[in-house]
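See structure below.
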Amino acid sequence: MSARTAECSRGVFSEHIIQERDCREKQLRSVDARPAKMSDVNNDALKFSPVSPETKVTVVLGAQWGDEGKGKVVDMLATESDVVCRCQGGNNAGHTVVVEDTEYDFHILPSGIINASAMSLIGNGVVVHLGQLFEELAKNEAKGLKGWENRLIISDRAHIVFDFHQSVDGLQESERSKTSVSLGTTKKGIGPCYASKASRQGLRMADLLALDQSSFETRFRSIVASHQNMFPELKVDVEAELQRYKEFAEKLRPLVGNTIAYIHKAVRSNKRVLVEGANAAMLDIDFGTYPYVTSSNCSVGGACTGLGIPPSFIGEVYGVVKAYTTRVGVGPFPTEQINEIGETLQVQGGEVGVTTGRPRRCGWLDMMLLAHTNMINGYSAIALTKLDILDQFEEIKIGVRYLKNGEVMEYFPADMSLLEDITVEYLTLPGWRQDTSQCRVYAELPERARQYVQHIERLLSVPVKWIGVGKSRSSMITVF
């Protein structure tokens, strides 16, 4: 074949491929992104190369150590979303959403499940305890959550948290406490489940719902035996558990599907997709205060791996920042206030963990920490929550840098021992001493409260888009 003939052949071939791709995209966009059943998802969605969608995926992430108020921000944005997704973590997360006079608590479910016009997805990166999932659904159903079964899809690739994972979590924490400081785990089995996943012993929704159940049973017996070898005191009634999971399978079957294909089809159909990060960036297993972290990637990369979407799909990334800092459990906390200030923040802020019921440690806002998480996540803007909790303070401090032996620490360190005996340098601002809880527009905030917000924007070089001054939806002030 001559060079010219080969070139012509390649041209005809390329043109054919482009036409075929354009035809498939046109067909895909003409179909609604929310099929009645997951079996209705057209496999053509996976047959052409990824392109940047016109509508980008919005990601909401905790920017500190969790409990920043992500649930309320997601609930607010979910009213304008078609699909709301969880991408990582398990029921070690806890989000509270207040709608009118009803307070909903979510641990596994996306906070957007309240929105009756949006689909809620639990992605492949989430680990799910089925018993507690159904318990959570029942509790919120009793509070008024309706129609969830028609708008919830669980990834067939999501791993299952078994009861023995939770038992092992407690046993490991007990062992750690004998030789070193415990990690303060929630004992929800999240770490052991992710460990099973990484060691390729784990069992997924697809395995539970497979036509050949003998494989699931064999692998379940094997994973139990493996854990009992490591922890001889671990007791598991294997036969009872297998029977229990047969019953779960029937309840679960209508809810499970290929969420990867679903979300790709939704994005390509210009549907508005919102991703709700669980936990927070400083608990990220790679970038947080290791080992005092969770077992998944709570940063923006977790949205890609936990849902099966390429980075080109990501648009706005919103960091949720509490107006002060809190942390549950043990681990470094440079701006912690173990004094009357910390106690006041704890009481006024109602700082008790949704998942564990443990009181949260409290301290001033930490810009070194936020600069670290902003480097990783690249926030488009931030939502500043619980500003009203600072209303009564005569002066308010912001931690702006760390000093170690008189030397400035340029970045947040990987070695947690470097945070011992450090000095935090603070910017001290006058308090506003006025009630902000009834403010509904930015201009209504006291001047000193606005100055506090402006200092945060200047120090972080990220704009504040929303300000929370209370629990309800209506208490979120939109700045721009």
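Simple scheme: letters A, B, ... for chains in structure tokens order, numbers from 1 for residues in each chain, numbers from 1 for ligands in the order shown.
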
Practice task
Using backbone DSSP assignments, extract all alpha helix (DSSP H) residues from region 379-478 of chain A; output them as a PyMOL selection string.
Solution key: chain A and resi 447-460

Exercise for the section: With a distance cut-off of 10 Å and only C-alpha atoms, select the neighbouring residues of Phe248 (chain A), excluding the residue or stretch itself and same-chain residues fewer than 6 positions from it, and output the selection as number ranges by chain. Expected result: A: 130-131, 134, 208-209, 242

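Residue neighbourhood of Thr373 (chain A), excluding near-sequence residues (fewer than 4 positions): A:Leu61, A:Gly62, A:Ala63, A:Gln64, A:Ala280, A:Ala281, A:Met282, A:Asp284, A:Phe287, A:Gly288, A:Ser299, A:Val300, A:Gly319, A:Met367, A:Met368, A:Leu369, A:Asn377, A:Gly378, A:Tyr379, A:Phe412, at 10 Å, using only C-alpha atoms.
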
Output of the above residues as a PDB file, in the first residue's frame, restricted to C-alpha atoms:
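Result went into selection.pdb, see below:
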```pdb
ATOM      1  CA  LEU A  61     -15.417  18.572  50.840  1.00  0.00           C
ATOM      2  CA  GLY A  62     -14.678  19.028  54.507  1.00  0.00           C
ATOM      3  CA  ALA A  63     -11.636  21.286  54.815  1.00  0.00           C
ATOM      4  CA  GLN A  64     -10.675  20.544  58.432  1.00  0.00           C
ATOM      5  CA  ALA A 280     -12.567  15.699  55.812  1.00  0.00           C
ATOM      6  CA  ALA A 281      -9.210  16.498  54.225  1.00  0.00           C
ATOM      7  CA  MET A 282      -7.234  16.375  57.485  1.00  0.00           C
ATOM      8  CA  ASP A 284      -7.434  11.741  54.503  1.00  0.00           C
ATOM      9  CA  PHE A 287      -2.737  13.844  53.377  1.00  0.00           C
ATOM     10  CA  GLY A 288      -4.168  13.991  56.903  1.00  0.00           C
ATOM     11  CA  SER A 299      -9.800  14.786  49.341  1.00  0.00           C
ATOM     12  CA  VAL A 300     -10.820  15.650  45.785  1.00  0.00           C
ATOM     13  CA  GLY A 319     -14.423  23.475  50.876  1.00  0.00           C
ATOM     14  CA  MET A 367      -4.911  28.883  58.474  1.00  0.00           C
ATOM     15  CA  MET A 368      -1.849  26.623  58.245  1.00  0.00           C
ATOM     16  CA  LEU A 369      -4.191  23.665  58.202  1.00  0.00           C
ATOM     17  CA  ASN A 377      -8.100  20.205  46.878  1.00  0.00           C
ATOM     18  CA  GLY A 378      -7.856  23.544  45.068  1.00  0.00           C
ATOM     19  CA  TYR A 379     -11.017  25.101  46.467  1.00  0.00           C
ATOM     20  CA  PHE A 412       1.990  21.411  57.463  1.00  0.00           C
TER      21      PHE A 412
END
```

Identify all residues of region 219-419 of chain A in strand (DSSP E) (DSSP on the backbone) and supply them as a short mmCIF file (atom, residue, chain, number, x, y, z; two decimals) with C-alpha atoms, in the first residue's frame.
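Contents of out_32.cif, as written:
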```
data_model
loop_
_atom_site.label_atom_id
_atom_site.label_comp_id
_atom_site.auth_asym_id
_atom_site.auth_seq_id
_atom_site.Cartn_x
_atom_site.Cartn_y
_atom_site.Cartn_z
CA VAL A 256 -27.89 -2.05 43.30
CA GLY A 257 -26.55 -1.17 39.88
CA VAL A 273 -24.13 16.09 39.59
CA LEU A 274 -23.10 16.86 43.17
CA VAL A 275 -20.52 14.86 45.13
CA GLU A 276 -20.66 14.83 48.92
CA ILE A 314 -14.62 17.92 38.01
CA GLY A 315 -15.76 21.54 38.03
CA GLU A 316 -16.29 23.52 41.22
CA VAL A 317 -14.68 22.24 44.42
CA TYR A 318 -16.20 23.79 47.53
CA GLY A 319 -14.42 23.47 50.88
CA VAL A 320 -16.59 23.63 53.99
CA VAL A 321 -14.85 25.46 56.83
CA LYS A 322 -16.15 25.87 60.36
CA THR A 325 -11.77 24.35 64.51
CA THR A 326 -12.94 21.08 66.06
CA ARG A 327 -11.69 17.55 66.20
CA ARG A 361 -12.21 19.23 71.02
CA CYS A 362 -12.39 22.92 70.10
CA GLY A 363 -10.02 25.71 69.18
CA LEU A 365 -9.43 28.71 63.17
CA ASP A 366 -6.12 27.39 61.77
CA ALA A 381 -14.70 28.86 47.10
CA ILE A 382 -15.51 28.01 50.68
CA ALA A 383 -18.63 27.79 52.79
CA LEU A 384 -17.92 29.27 56.22
CA THR A 385 -20.24 27.69 58.78
CA GLU A 395 -11.82 38.97 70.73
CA ILE A 396 -11.33 36.24 68.15
CA LYS A 397 -8.08 34.65 67.04
CA ILE A 398 -6.90 33.07 63.81
CA GLY A 399 -3.81 30.83 63.81
CA VAL A 400 -1.66 32.09 60.94
CA ARG A 401 1.63 30.17 61.27
CA TYR A 402 3.57 27.65 63.35
CA LEU A 403 6.95 28.23 64.97
CA LYS A 404 9.24 25.35 65.94
CA GLU A 407 11.82 28.87 63.18
CA VAL A 408 8.79 29.33 60.92
CA MET A 409 7.30 26.09 59.59
#
```

Determine, using only C-alpha atoms, which residues of region 166-281 of chain A have any atom at most 12 Å from an atom of region 144-150 of chain A, and tabulate each with its shortest atom pair and distance in Å to one decimal place, rows ordered by chain and then rising number, as JSON lines.
```
{"residue": "A:Lys251", "atom": "CA", "partner": "A:Glu149", "partner_atom": "CA", "distance": 10.4}
{"residue": "A:Leu252", "atom": "CA", "partner": "A:Glu149", "partner_atom": "CA", "distance": 10.2}
{"residue": "A:Arg253", "atom": "CA", "partner": "A:Glu149", "partner_atom": "CA", "distance": 11.3}
{"residue": "A:Pro254", "atom": "CA", "partner": "A:Glu149", "partner_atom": "CA", "distance": 8.4}
{"residue": "A:Leu255", "atom": "CA", "partner": "A:Glu149", "partner_atom": "CA", "distance": 7.2}
{"residue": "A:Val256", "atom": "CA", "partner": "A:Glu149", "partner_atom": "CA", "distance": 10.9}
```

Output file for the residues above (N, CA and C atoms, as a CSV table (one decimal), in the first residue's frame):
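Result written to result08.csv:
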```
chain,number,residue,atom,x,y,z
A,251,LYS,N,-33.6,-7.7,49.7
A,251,LYS,CA,-34.0,-6.3,50.0
A,251,LYS,C,-33.1,-5.4,49.2
A,252,LEU,N,-31.9,-5.8,48.9
A,252,LEU,CA,-30.9,-5.0,48.3
A,252,LEU,C,-31.0,-5.0,46.8
A,253,ARG,N,-31.4,-6.1,46.2
A,253,ARG,CA,-31.3,-6.3,44.8
A,253,ARG,C,-31.9,-5.1,43.9
A,254,PRO,N,-33.0,-4.6,44.3
A,254,PRO,CA,-33.6,-3.5,43.5
A,254,PRO,C,-32.8,-2.2,43.6
A,255,LEU,N,-31.9,-2.1,44.5
A,255,LEU,CA,-31.2,-0.8,44.8
A,255,LEU,C,-29.8,-0.8,44.2
A,256,VAL,N,-29.3,-1.9,43.7
A,256,VAL,CA,-27.9,-2.0,43.3
A,256,VAL,C,-27.8,-2.0,41.8
```

Neighbouring residues of Thr436 (chain A) were defined as those with any atom within 9 Å, considering only C-alpha atoms; residues of the same chain fewer than 4 positions away were excluded. Please report them as a PDB file with all heavy atoms, in the first residue's frame.
```
ATOM      1  N   LEU A 387     -20.678  30.703  61.996  1.00  0.00           N
ATOM      2  CA  LEU A 387     -20.130  32.007  62.370  1.00  0.00           C
ATOM      3  C   LEU A 387     -20.815  32.545  63.620  1.00  0.00           C
ATOM      4  O   LEU A 387     -20.193  33.234  64.437  1.00  0.00           O
ATOM      5  CB  LEU A 387     -20.303  32.990  61.212  1.00  0.00           C
ATOM      6  CG  LEU A 387     -19.706  34.386  61.415  1.00  0.00           C
ATOM      7  CD1 LEU A 387     -18.177  34.315  61.394  1.00  0.00           C
ATOM      8  CD2 LEU A 387     -20.210  35.359  60.352  1.00  0.00           C
ATOM      9  N   ASP A 388     -22.092  32.211  63.780  1.00  0.00           N
ATOM     10  CA  ASP A 388     -22.874  32.724  64.921  1.00  0.00           C
ATOM     11  C   ASP A 388     -22.332  32.250  66.264  1.00  0.00           C
ATOM     12  O   ASP A 388     -22.577  32.897  67.298  1.00  0.00           O
ATOM     13  CB  ASP A 388     -24.347  32.313  64.782  1.00  0.00           C
ATOM     14  CG  ASP A 388     -24.511  30.802  64.632  1.00  0.00           C
ATOM     15  OD1 ASP A 388     -23.861  30.222  63.741  1.00  0.00           O
ATOM     16  OD2 ASP A 388     -25.278  30.206  65.420  1.00  0.00           O
ATOM     17  N   ILE A 389     -21.585  31.156  66.282  1.00  0.00           N
ATOM     18  CA  ILE A 389     -21.056  30.636  67.552  1.00  0.00           C
ATOM     19  C   ILE A 389     -19.994  31.589  68.119  1.00  0.00           C
ATOM     20  O   ILE A 389     -19.718  31.578  69.322  1.00  0.00           O
ATOM     21  CB  ILE A 389     -20.466  29.217  67.349  1.00  0.00           C
ATOM     22  CG1 ILE A 389     -21.521  28.284  66.743  1.00  0.00           C
ATOM     23  CG2 ILE A 389     -19.963  28.640  68.659  1.00  0.00           C
ATOM     24  CD1 ILE A 389     -22.827  28.210  67.525  1.00  0.00           C
ATOM     25  N   ASP A 391     -20.355  34.827  68.170  1.00  0.00           N
ATOM     26  CA  ASP A 391     -21.020  36.104  68.449  1.00  0.00           C
ATOM     27  C   ASP A 391     -20.641  36.729  69.793  1.00  0.00           C
ATOM     28  O   ASP A 391     -20.566  37.949  69.901  1.00  0.00           O
ATOM     29  CB  ASP A 391     -22.542  35.943  68.400  1.00  0.00           C
ATOM     30  CG  ASP A 391     -23.073  35.808  66.973  1.00  0.00           C
ATOM     31  OD1 ASP A 391     -22.278  35.988  66.032  1.00  0.00           O
ATOM     32  OD2 ASP A 391     -24.273  35.514  66.810  1.00  0.00           O
ATOM     33  N   ARG A 440     -29.625  37.414  57.062  1.00  0.00           N
ATOM     34  CA  ARG A 440     -29.934  36.615  55.879  1.00  0.00           C
ATOM     35  C   ARG A 440     -29.238  37.114  54.616  1.00  0.00           C
ATOM     36  O   ARG A 440     -29.279  36.452  53.590  1.00  0.00           O
ATOM     37  CB  ARG A 440     -31.455  36.555  55.657  1.00  0.00           C
ATOM     38  CG  ARG A 440     -32.195  35.773  56.750  1.00  0.00           C
ATOM     39  CD  ARG A 440     -31.763  34.326  56.802  1.00  0.00           C
ATOM     40  NE  ARG A 440     -32.381  33.552  57.865  1.00  0.00           N
ATOM     41  CZ  ARG A 440     -31.834  33.317  59.046  1.00  0.00           C
ATOM     42  NH1 ARG A 440     -30.630  33.816  59.338  1.00  0.00           N
ATOM     43  NH2 ARG A 440     -32.452  32.590  59.946  1.00  0.00           N
ATOM     44  N   GLU A 444     -26.125  42.512  56.230  1.00  0.00           N
ATOM     45  CA  GLU A 444     -26.718  42.553  57.571  1.00  0.00           C
ATOM     46  C   GLU A 444     -25.744  42.122  58.660  1.00  0.00           C
ATOM     47  O   GLU A 444     -25.987  42.370  59.844  1.00  0.00           O
ATOM     48  CB  GLU A 444     -27.969  41.671  57.620  1.00  0.00           C
ATOM     49  CG  GLU A 444     -29.130  42.199  56.782  1.00  0.00           C
ATOM     50  CD  GLU A 444     -30.333  41.267  56.802  1.00  0.00           C
ATOM     51  OE1 GLU A 444     -30.209  40.153  57.385  1.00  0.00           O
ATOM     52  OE2 GLU A 444     -31.371  41.628  56.236  1.00  0.00           O
ATOM     53  N   LEU A 445     -24.654  41.461  58.289  1.00  0.00           N
ATOM     54  CA  LEU A 445     -23.676  41.038  59.288  1.00  0.00           C
ATOM     55  C   LEU A 445     -23.001  42.261  59.894  1.00  0.00           C
ATOM     56  O   LEU A 445     -22.764  43.256  59.194  1.00  0.00           O
ATOM     57  CB  LEU A 445     -22.620  40.137  58.653  1.00  0.00           C
ATOM     58  CG  LEU A 445     -23.045  38.727  58.235  1.00  0.00           C
ATOM     59  CD1 LEU A 445     -21.928  38.061  57.443  1.00  0.00           C
ATOM     60  CD2 LEU A 445     -23.413  37.880  59.445  1.00  0.00           C
ATOM     61  N   PRO A 446     -22.652  42.215  61.177  1.00  0.00           N
ATOM     62  CA  PRO A 446     -21.894  43.320  61.786  1.00  0.00           C
ATOM     63  C   PRO A 446     -20.593  43.552  61.020  1.00  0.00           C
ATOM     64  O   PRO A 446     -20.010  42.612  60.456  1.00  0.00           O
ATOM     65  CB  PRO A 446     -21.628  42.825  63.210  1.00  0.00           C
ATOM     66  CG  PRO A 446     -22.667  41.789  63.460  1.00  0.00           C
ATOM     67  CD  PRO A 446     -22.944  41.137  62.144  1.00  0.00           C
ATOM     68  N   ALA A 449     -17.789  41.267  61.907  1.00  0.00           N
ATOM     69  CA  ALA A 449     -17.977  39.901  61.414  1.00  0.00           C
ATOM     70  C   ALA A 449     -17.570  39.828  59.943  1.00  0.00           C
ATOM     71  O   ALA A 449     -16.931  38.861  59.504  1.00  0.00           O
ATOM     72  CB  ALA A 449     -19.433  39.478  61.584  1.00  0.00           C
ATOM     73  N   VAL A 469     -25.110  30.845  59.657  1.00  0.00           N
ATOM     74  CA  VAL A 469     -25.328  31.490  60.954  1.00  0.00           C
ATOM     75  C   VAL A 469     -26.417  30.770  61.756  1.00  0.00           C
ATOM     76  O   VAL A 469     -27.068  31.358  62.609  1.00  0.00           O
ATOM     77  CB  VAL A 469     -25.688  32.985  60.781  1.00  0.00           C
ATOM     78  CG1 VAL A 469     -24.493  33.763  60.268  1.00  0.00           C
ATOM     79  CG2 VAL A 469     -26.888  33.156  59.846  1.00  0.00           C
ATOM     80  N   GLY A 470     -26.609  29.486  61.485  1.00  0.00           N
ATOM     81  CA  GLY A 470     -27.612  28.719  62.206  1.00  0.00           C
ATOM     82  C   GLY A 470     -27.751  27.335  61.601  1.00  0.00           C
ATOM     83  O   GLY A 470     -27.029  26.970  60.656  1.00  0.00           O
TER      84      GLY A 470
END
```

Fill in the blank from the handout: Leu137 (chain A) proximity check over A:Ser111, A:Gln243, A:Ser215, A:Gln337, using only C-alpha atoms: winner is A:Ser111

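Note that CA of Asp286 (chain A) and CA of Asp421 (chain A) are 23.8 Å apart.
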
Exercise for the section: Report the distance between CA of Gln132 (chain A) and CA of Arg473 (chain A) in Å, rounded to one decimal place. Expected result: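 Spanning CA of Gln132 (chain A) to CA of Arg473 (chain A) is a straight-line distance of 26.8 Å.
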
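Of note, CA of Gly170 (chain A) and CA of Ile122 (chain A) are spaced 25.6 Å apart.
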